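**Q** Below is the file data_20.csv, which contains CSV, C-alpha atoms.
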```csv
chain,number,residue,atom,x,y,z
R,1,ASN,CA,114.8,120.3,121.0
R,2,ALA,CA,117.2,118.0,119.2
R,3,GLY,CA,115.7,115.2,117.1
R,4,VAL,CA,116.5,111.5,117.3
R,5,MET,CA,120.3,111.2,117.3
R,6,GLN,CA,122.0,108.2,115.9
R,7,ASN,CA,125.7,107.5,115.8
R,8,PRO,CA,127.8,106.8,114.1
R,9,ARG,CA,126.4,107.9,110.7
R,10,HIS,CA,128.6,105.4,108.9
R,11,LEU,CA,130.2,102.3,110.3
R,12,VAL,CA,132.6,99.9,108.6
R,13,ARG,CA,133.3,96.5,110.1
R,14,ARG,CA,135.2,93.5,109.0
R,15,ARG,CA,133.5,90.2,109.0
R,16,GLY,CA,133.5,88.7,112.5
R,17,GLN,CA,133.7,92.0,114.3
R,18,GLU,CA,131.1,93.5,116.5
R,19,ALA,CA,129.0,96.5,115.6
R,20,ARG,CA,127.4,98.8,118.1
R,21,LEU,CA,124.8,101.3,117.0
R,22,ARG,CA,123.5,104.1,119.3
R,23,CYS,CA,120.3,105.9,119.4
R,24,SER,CA,119.3,108.8,121.6
R,25,PRO,CA,115.6,109.4,121.5
R,26,MET,CA,114.0,112.8,121.5
R,27,LYS,CA,113.7,114.4,124.9
R,28,GLY,CA,110.6,113.1,126.7
R,29,HIS,CA,110.3,110.0,124.5
R,30,SER,CA,110.5,106.7,126.3
R,31,HIS,CA,109.6,104.4,123.4
R,32,VAL,CA,112.3,103.4,120.9
R,33,TYR,CA,112.0,101.3,117.7
R,34,TRP,CA,114.7,99.9,115.5
R,35,TYR,CA,114.3,99.2,111.8
R,36,ARG,CA,116.6,97.9,109.1
R,37,GLN,CA,116.6,98.9,105.5
R,38,LEU,CA,118.3,96.5,103.2
R,39,PRO,CA,119.3,97.7,99.7
R,40,GLU,CA,116.3,98.0,97.4
R,41,GLU,CA,113.9,97.1,100.3
R,42,GLY,CA,111.6,99.0,102.5
R,43,LEU,CA,112.2,99.3,106.2
R,44,LYS,CA,111.7,96.2,108.3
R,45,PHE,CA,110.8,96.3,112.0
R,46,MET,CA,113.3,94.8,114.3
R,47,VAL,CA,112.6,95.6,117.9
R,48,TYR,CA,110.5,97.9,120.2
R,49,LEU,CA,111.8,98.9,123.6
R,50,GLN,CA,110.8,101.0,126.5
R,51,LYS,CA,113.2,102.0,129.2
R,52,GLU,CA,114.8,98.8,130.6
R,53,ASN,CA,112.3,96.6,128.8
R,54,ILE,CA,112.1,94.8,125.5
R,55,ILE,CA,108.5,94.9,124.4
R,56,ASP,CA,108.5,93.3,121.0
R,57,GLU,CA,111.6,91.7,119.4
R,58,SER,CA,109.7,89.7,116.8
R,59,GLY,CA,111.7,91.2,114.0
R,60,MET,CA,115.1,90.5,115.4
R,61,PRO,CA,117.2,87.7,114.0
R,62,LYS,CA,117.5,84.9,116.5
R,63,GLU,CA,121.3,85.0,116.7
R,64,ARG,CA,124.0,87.7,117.0
R,65,PHE,CA,121.6,90.6,117.4
R,66,SER,CA,120.6,92.2,120.6
R,67,ALA,CA,119.1,95.5,121.8
R,68,GLU,CA,118.9,97.4,125.0
R,69,PHE,CA,117.5,100.7,126.3
R,70,PRO,CA,118.9,101.3,129.7
R,71,LYS,CA,117.5,103.6,132.4
R,72,GLU,CA,120.3,106.0,131.6
R,73,GLY,CA,121.9,106.6,128.2
R,74,PRO,CA,121.1,105.7,124.6
R,75,SER,CA,119.5,102.6,123.2
R,76,ILE,CA,122.1,100.3,121.7
R,77,LEU,CA,121.7,97.8,118.9
R,78,ARG,CA,124.5,95.3,119.0
R,79,ILE,CA,125.4,92.9,116.2
R,80,GLN,CA,128.0,90.3,117.0
R,81,GLN,CA,130.2,88.5,114.5
R,82,VAL,CA,129.0,90.6,111.6
R,83,VAL,CA,128.5,89.1,108.1
R,84,ARG,CA,128.2,90.7,104.7
R,85,GLY,CA,124.4,90.3,104.8
R,86,ASP,CA,124.2,92.6,107.8
R,87,SER,CA,125.2,95.6,105.6
R,88,ALA,CA,122.3,97.9,105.7
R,89,ALA,CA,121.0,101.2,107.0
R,90,TYR,CA,119.7,100.9,110.5
R,91,PHE,CA,117.1,103.4,111.6
R,92,CYS,CA,115.9,104.3,115.1
R,93,ALA,CA,112.7,106.0,115.9
R,94,SER,CA,111.2,107.3,119.1
R,95,SER,CA,107.8,108.3,120.3
R,96,PRO,CA,106.3,109.6,123.6
R,97,ASP,CA,103.8,106.7,123.8
R,98,ARG,CA,102.8,103.5,122.1
R,99,LEU,CA,100.2,105.2,119.9
R,100,GLY,CA,102.7,106.2,117.2
R,101,GLY,CA,103.7,109.5,115.9
R,102,TYR,CA,107.3,108.4,115.3
R,103,THR,CA,110.3,110.6,114.8
R,104,PHE,CA,113.1,108.9,112.9
R,105,GLY,CA,116.8,109.4,113.2
R,106,SER,CA,119.0,109.8,110.2
R,107,GLY,CA,120.2,106.2,110.4
R,108,THR,CA,123.5,104.4,110.7
R,109,ARG,CA,124.8,102.9,107.5
R,110,LEU,CA,126.7,99.7,108.3
R,111,THR,CA,129.1,98.3,105.7
R,112,VAL,CA,130.7,94.9,106.4
R,113,VAL,CA,133.8,94.2,104.4
K,1,GLY,CA,100.3,89.1,108.2
K,2,ASP,CA,100.2,92.8,107.4
K,3,SER,CA,101.7,93.9,104.1
K,4,VAL,CA,102.0,97.0,102.0
K,5,THR,CA,102.5,97.0,98.2
K,6,GLN,CA,103.7,100.1,96.3
K,7,MET,CA,103.9,100.6,92.6
K,8,GLU,CA,107.2,99.8,90.9
K,9,GLY,CA,109.6,102.7,90.3
K,10,PRO,CA,111.5,104.8,89.8
K,11,VAL,CA,109.3,107.6,88.6
K,12,THR,CA,110.6,110.6,86.7
K,13,LEU,CA,108.4,113.7,86.1
K,14,SER,CA,108.8,117.2,84.8
K,15,GLU,CA,108.2,120.1,87.2
K,16,GLU,CA,104.5,121.0,87.6
K,17,ALA,CA,103.4,117.6,86.5
K,18,PHE,CA,100.7,115.7,88.4
K,19,LEU,CA,101.9,112.9,90.6
K,20,THR,CA,100.2,109.7,91.7
K,21,ILE,CA,102.0,107.0,93.6
K,22,ASN,CA,99.8,103.9,94.2
K,23,CYS,CA,99.7,102.0,97.5
K,24,THR,CA,97.6,99.1,98.6
K,25,TYR,CA,97.6,97.2,101.8
K,26,THR,CA,96.6,94.0,103.5
K,27,ALA,CA,95.8,94.1,107.2
K,28,THR,CA,93.4,92.8,109.8
K,29,GLY,CA,91.2,95.2,111.6
K,30,TYR,CA,91.5,98.9,111.1
K,31,PRO,CA,95.1,100.0,110.6
K,32,SER,CA,96.4,103.6,110.4
K,33,LEU,CA,98.1,104.5,107.2
K,34,PHE,CA,101.1,106.7,106.5
K,35,TRP,CA,103.2,108.2,103.9
K,36,TYR,CA,106.9,108.9,104.8
K,37,VAL,CA,109.5,110.7,102.7
K,38,GLN,CA,113.2,110.1,102.7
K,39,TYR,CA,115.5,112.8,101.3
K,40,PRO,CA,119.1,111.7,100.3
K,41,GLY,CA,121.2,110.8,103.3
K,42,GLU,CA,118.5,111.5,105.8
K,43,GLY,CA,116.0,109.6,107.9
K,44,LEU,CA,112.3,109.2,107.2
K,45,GLN,CA,110.0,112.1,107.8
K,46,LEU,CA,106.3,111.7,108.2
K,47,LEU,CA,104.5,113.3,105.3
K,48,LEU,CA,100.9,112.6,106.1
K,49,LYS,CA,98.6,110.1,107.8
K,50,ALA,CA,95.1,108.9,108.1
K,51,THR,CA,93.7,106.8,110.9
K,52,LYS,CA,90.2,105.7,109.7
K,53,ALA,CA,88.3,105.0,106.5
K,54,ASP,CA,87.6,108.0,104.3
K,55,ASP,CA,90.0,110.2,106.1
K,56,LYS,CA,92.2,112.4,103.9
K,57,GLY,CA,95.7,113.2,105.0
K,58,SER,CA,97.4,116.2,103.5
K,59,ASN,CA,100.6,118.1,103.8
K,60,LYS,CA,102.8,120.3,101.6
K,61,GLY,CA,100.4,119.9,98.7
K,62,PHE,CA,100.3,116.1,99.0
K,63,GLU,CA,97.1,114.2,99.7
K,64,ALA,CA,96.1,110.7,100.3
K,65,THR,CA,92.6,109.2,101.1
K,66,TYR,CA,92.1,106.1,103.2
K,67,ARG,CA,89.9,103.8,101.0
K,68,LYS,CA,88.8,100.8,102.9
K,69,GLU,CA,86.8,99.3,100.1
K,70,THR,CA,89.8,99.2,97.8
K,71,THR,CA,92.4,98.9,100.6
K,72,SER,CA,94.3,101.7,99.1
K,73,PHE,CA,96.1,104.9,100.2
K,74,HIS,CA,97.4,106.5,97.0
K,75,LEU,CA,99.5,109.6,97.2
K,76,GLU,CA,98.8,112.5,94.9
K,77,LYS,CA,100.1,116.0,94.2
K,78,GLY,CA,98.8,118.4,91.7
K,79,SER,CA,102.1,120.1,90.7
K,80,VAL,CA,105.4,118.6,91.7
K,81,GLN,CA,108.6,120.6,92.3
K,82,VAL,CA,112.2,119.7,92.0
K,83,SER,CA,112.5,119.7,95.8
K,84,ASP,CA,110.0,116.8,95.9
K,85,SER,CA,112.6,114.5,94.6
K,86,ALA,CA,113.0,111.8,97.2
K,87,VAL,CA,112.0,108.3,98.1
K,88,TYR,CA,108.4,107.8,99.2
K,89,PHE,CA,107.3,105.0,101.5
K,90,CYS,CA,103.8,103.9,102.3
K,91,ALA,CA,103.3,102.3,105.7
K,92,LEU,CA,100.6,100.9,108.0
K,93,SER,CA,100.4,100.5,111.7
K,94,GLY,CA,98.3,97.7,113.0
K,95,ASN,CA,95.6,98.6,115.4
K,96,THR,CA,96.1,95.8,117.9
K,97,GLY,CA,97.0,98.1,120.7
K,98,ALA,CA,100.1,96.1,121.5
K,99,ASN,CA,102.4,98.6,119.9
K,100,SER,CA,102.6,100.8,116.9
K,101,LYS,CA,105.3,99.1,114.8
K,102,LEU,CA,105.1,100.0,111.2
K,103,THR,CA,105.0,97.8,108.1
K,104,PHE,CA,106.5,99.5,105.1
K,105,GLY,CA,106.3,99.2,101.4
K,106,LYS,CA,109.5,99.0,99.4
K,107,GLY,CA,109.5,102.6,98.6
K,108,ILE,CA,109.6,104.5,95.3
K,109,THR,CA,112.1,107.0,94.1
K,110,LEU,CA,110.7,110.1,92.5
K,111,SER,CA,112.9,112.4,90.4
K,112,VAL,CA,111.5,115.7,89.2
K,113,ARG,CA,113.2,117.5,86.3
K,114,PRO,CA,113.3,121.3,86.1
```
What's the structure tokens form of this structure?

**A**
Amino acid sequence: NAGVMQNPRHLVRRRGQEARLRCSPMKGHSHVYWYRQLPEEGLKFMVYLQKENIIDESGMPKERFSAEFPKEGPSILRIQQVVRGDSAAYFCASSPDRLGGYTFGSGTRLTVV
Amino acid sequence: GDSVTQMEGPVTLSEEAFLTINCTYTATGYPSLFWYVQYPGEGLQLLLKATKADDKGSNKGFEATYRKETTSFHLEKGSVQVSDSAVYFCALSGNTGANSKLTFGKGITLSVRP
């Protein structure tokens, strides 16, 4: 049973480009969470999704960031027109229900140059 | 809002030394408390958890007790090993029932010397 799969592991983008980060939850998990880890900081909640629904996006920046979790396929975190301040590690976690018991992926490290 | 405060790091210990990493929290209601560990280049792994006051979580020789009176969840291990070198995060999950998003502390890096 594969864990939470995130790809790519490392992503380099130039300022102004788009970044797409993918997360495939564990088999049987329909709840997905995205977190961002800035240098020297703990993880910060961004968004919580279930299949085809955004449940809580209170941690998402108002502009340039969006997330989806379609009926088929991985969850996608999309960052448009990236800026240097978007450089961070982005972690996805999944769970079978809303009670917790997360499993985290290994993260995508985004570098904006 | 909810918050988690961890002691400042990094921490360097010799093998077999006693470890304490302090964690205090602020939250409404009755949160669940967690310790996560992150090894270099990897994601976070759940180390232990406690869901109510006076519960003790334990795993791999690590322990932490949910202290509501002091709003603390300090992590301890009696004898650390080189393989324990990692970053440790304290976290809480609000008990509102809406969802189980986690609030993390900043993390502390532990290095264990042979």

**Q** Can you work out which one of K:Tyr39, K:Tyr25, K:Tyr30, K:Phe62 has the shortest atom-to-atom distance to K:Thr103, counting all atoms listed in the file?

**A** K:Tyr25

**Q** Looking at K:Gly29, K:Gly61, K:Gly9, K:Gly43, which one is nearest to R:Arg36, with distances taken over all atoms listed in the file?

**A**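 Nearest candidate to R:Arg36 out of K:Gly29, K:Gly61, K:Gly9, K:Gly43: K:Gly43.
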
**Q** Write out as a PyMOL selection string which residues come within 6 Å of R:Tyr33 when counting all atoms listed in the file, dropping same-chain ones fewer than 6 positions away.

**A** chain R and resi 47-48+92-93

**Q** What gap, in Å, lies between atom CA of R:His31 and atom CA of K:Thr5?

**A** 27.2 Å

**Q** Counting only C-alpha atoms, which residues in chain R sit no more than 9 Å from chain K? For each one, give the nearest pair of atoms and the distance in Å, sorted by chain then residue number, as a Markdown table.

**A**
```
| residue | atom | partner | partner_atom | distance |
| --- | --- | --- | --- | --- |
| R:Tyr33 | CA | K:Lys101 | CA | 7.6 |
| R:Glu40 | CA | K:Lys106 | CA | 7.2 |
| R:Glu41 | CA | K:Lys106 | CA | 4.9 |
| R:Gly42 | CA | K:Lys106 | CA | 3.7 |
| R:Leu43 | CA | K:Phe104 | CA | 5.8 |
| R:Lys44 | CA | K:Thr103 | CA | 6.9 |
| R:Phe45 | CA | K:Lys101 | CA | 6.8 |
| R:Val47 | CA | K:Lys101 | CA | 8.7 |
| R:Tyr48 | CA | K:Lys101 | CA | 7.6 |
| R:Ile55 | CA | K:Asn99 | CA | 8.4 |
| R:Asp56 | CA | K:Asn99 | CA | 8.2 |
| R:Phe91 | CA | K:Gly43 | CA | 7.3 |
| R:Cys92 | CA | K:Gly43 | CA | 8.9 |
| R:Arg98 | CA | K:Asn99 | CA | 5.4 |
| R:Leu99 | CA | K:Ser100 | CA | 5.8 |
| R:Gly100 | CA | K:Ser100 | CA | 5.4 |
| R:Gly101 | CA | K:Leu46 | CA | 8.4 |
| R:Tyr102 | CA | K:Leu46 | CA | 7.9 |
| R:Thr103 | CA | K:Gln45 | CA | 7.2 |
| R:Phe104 | CA | K:Leu44 | CA | 5.8 |
| R:Gly105 | CA | K:Gly43 | CA | 5.4 |
| R:Ser106 | CA | K:Gly43 | CA | 3.8 |
| R:Gly107 | CA | K:Gly43 | CA | 6.0 |
```

**Q** Grab the atom CA of K:Gly78 to atom CA of K:Ser3 distance for me, in Å with one decimal place.

**A** 27.6 Å

**Q** Would you list the contacts of stretch 8-25 of chain R as a list in words, taking every protein, DNA or RNA residue within 8 Å and counting all atoms listed in the file, but skipping same-chain residues closer than 5 positions in sequence?

**A**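 So, after excluding close chain neighbours, the residues are Gly3, Ser30, Val32, Gly73, Pro74, Ser75, Ile76, Leu77, Arg78, Ile79, Gln80, Gln81, Val82, Val83, Arg84, Cys92, Ala93, Ser94, Ser95, Gly105, Ser106, Gly107, Thr108, Arg109, Leu110, Thr111, Val112 and Val113 of chain R.
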
**Q** Skip K:Lys68 itself and residues of its chain fewer than 3 positions away, then list as a list in words all residues within 12 Å of it, counting only C-alpha atoms.

**A** Thr24, Tyr25, Thr26, Ala27, Thr28, Gly29, Tyr30, Pro31, Ser32, Leu33, Ala50, Thr51, Lys52, Ala53, Asp54, Asp55, Thr65, Thr71, Ser72, Phe73 and His74 of chain K

**Q** Just write the chosen residues, C-alpha atoms, as a PDB file, in the frame of the given file.

**A**
```pdb
ATOM      1  CA  THR K  24      97.600  99.100  98.600  1.00  0.00           C
ATOM      2  CA  TYR K  25      97.600  97.200 101.800  1.00  0.00           C
ATOM      3  CA  THR K  26      96.600  94.000 103.500  1.00  0.00           C
ATOM      4  CA  ALA K  27      95.800  94.100 107.200  1.00  0.00           C
ATOM      5  CA  THR K  28      93.400  92.800 109.800  1.00  0.00           C
ATOM      6  CA  GLY K  29      91.200  95.200 111.600  1.00  0.00           C
ATOM      7  CA  TYR K  30      91.500  98.900 111.100  1.00  0.00           C
ATOM      8  CA  PRO K  31      95.100 100.000 110.600  1.00  0.00           C
ATOM      9  CA  SER K  32      96.400 103.600 110.400  1.00  0.00           C
ATOM     10  CA  LEU K  33      98.100 104.500 107.200  1.00  0.00           C
ATOM     11  CA  ALA K  50      95.100 108.900 108.100  1.00  0.00           C
ATOM     12  CA  THR K  51      93.700 106.800 110.900  1.00  0.00           C
ATOM     13  CA  LYS K  52      90.200 105.700 109.700  1.00  0.00           C
ATOM     14  CA  ALA K  53      88.300 105.000 106.500  1.00  0.00           C
ATOM     15  CA  ASP K  54      87.600 108.000 104.300  1.00  0.00           C
ATOM     16  CA  ASP K  55      90.000 110.200 106.100  1.00  0.00           C
ATOM     17  CA  THR K  65      92.600 109.200 101.100  1.00  0.00           C
ATOM     18  CA  THR K  71      92.400  98.900 100.600  1.00  0.00           C
ATOM     19  CA  SER K  72      94.300 101.700  99.100  1.00  0.00           C
ATOM     20  CA  PHE K  73      96.100 104.900 100.200  1.00  0.00           C
ATOM     21  CA  HIS K  74      97.400 106.500  97.000  1.00  0.00           C
TER      22      HIS K  74
END
```
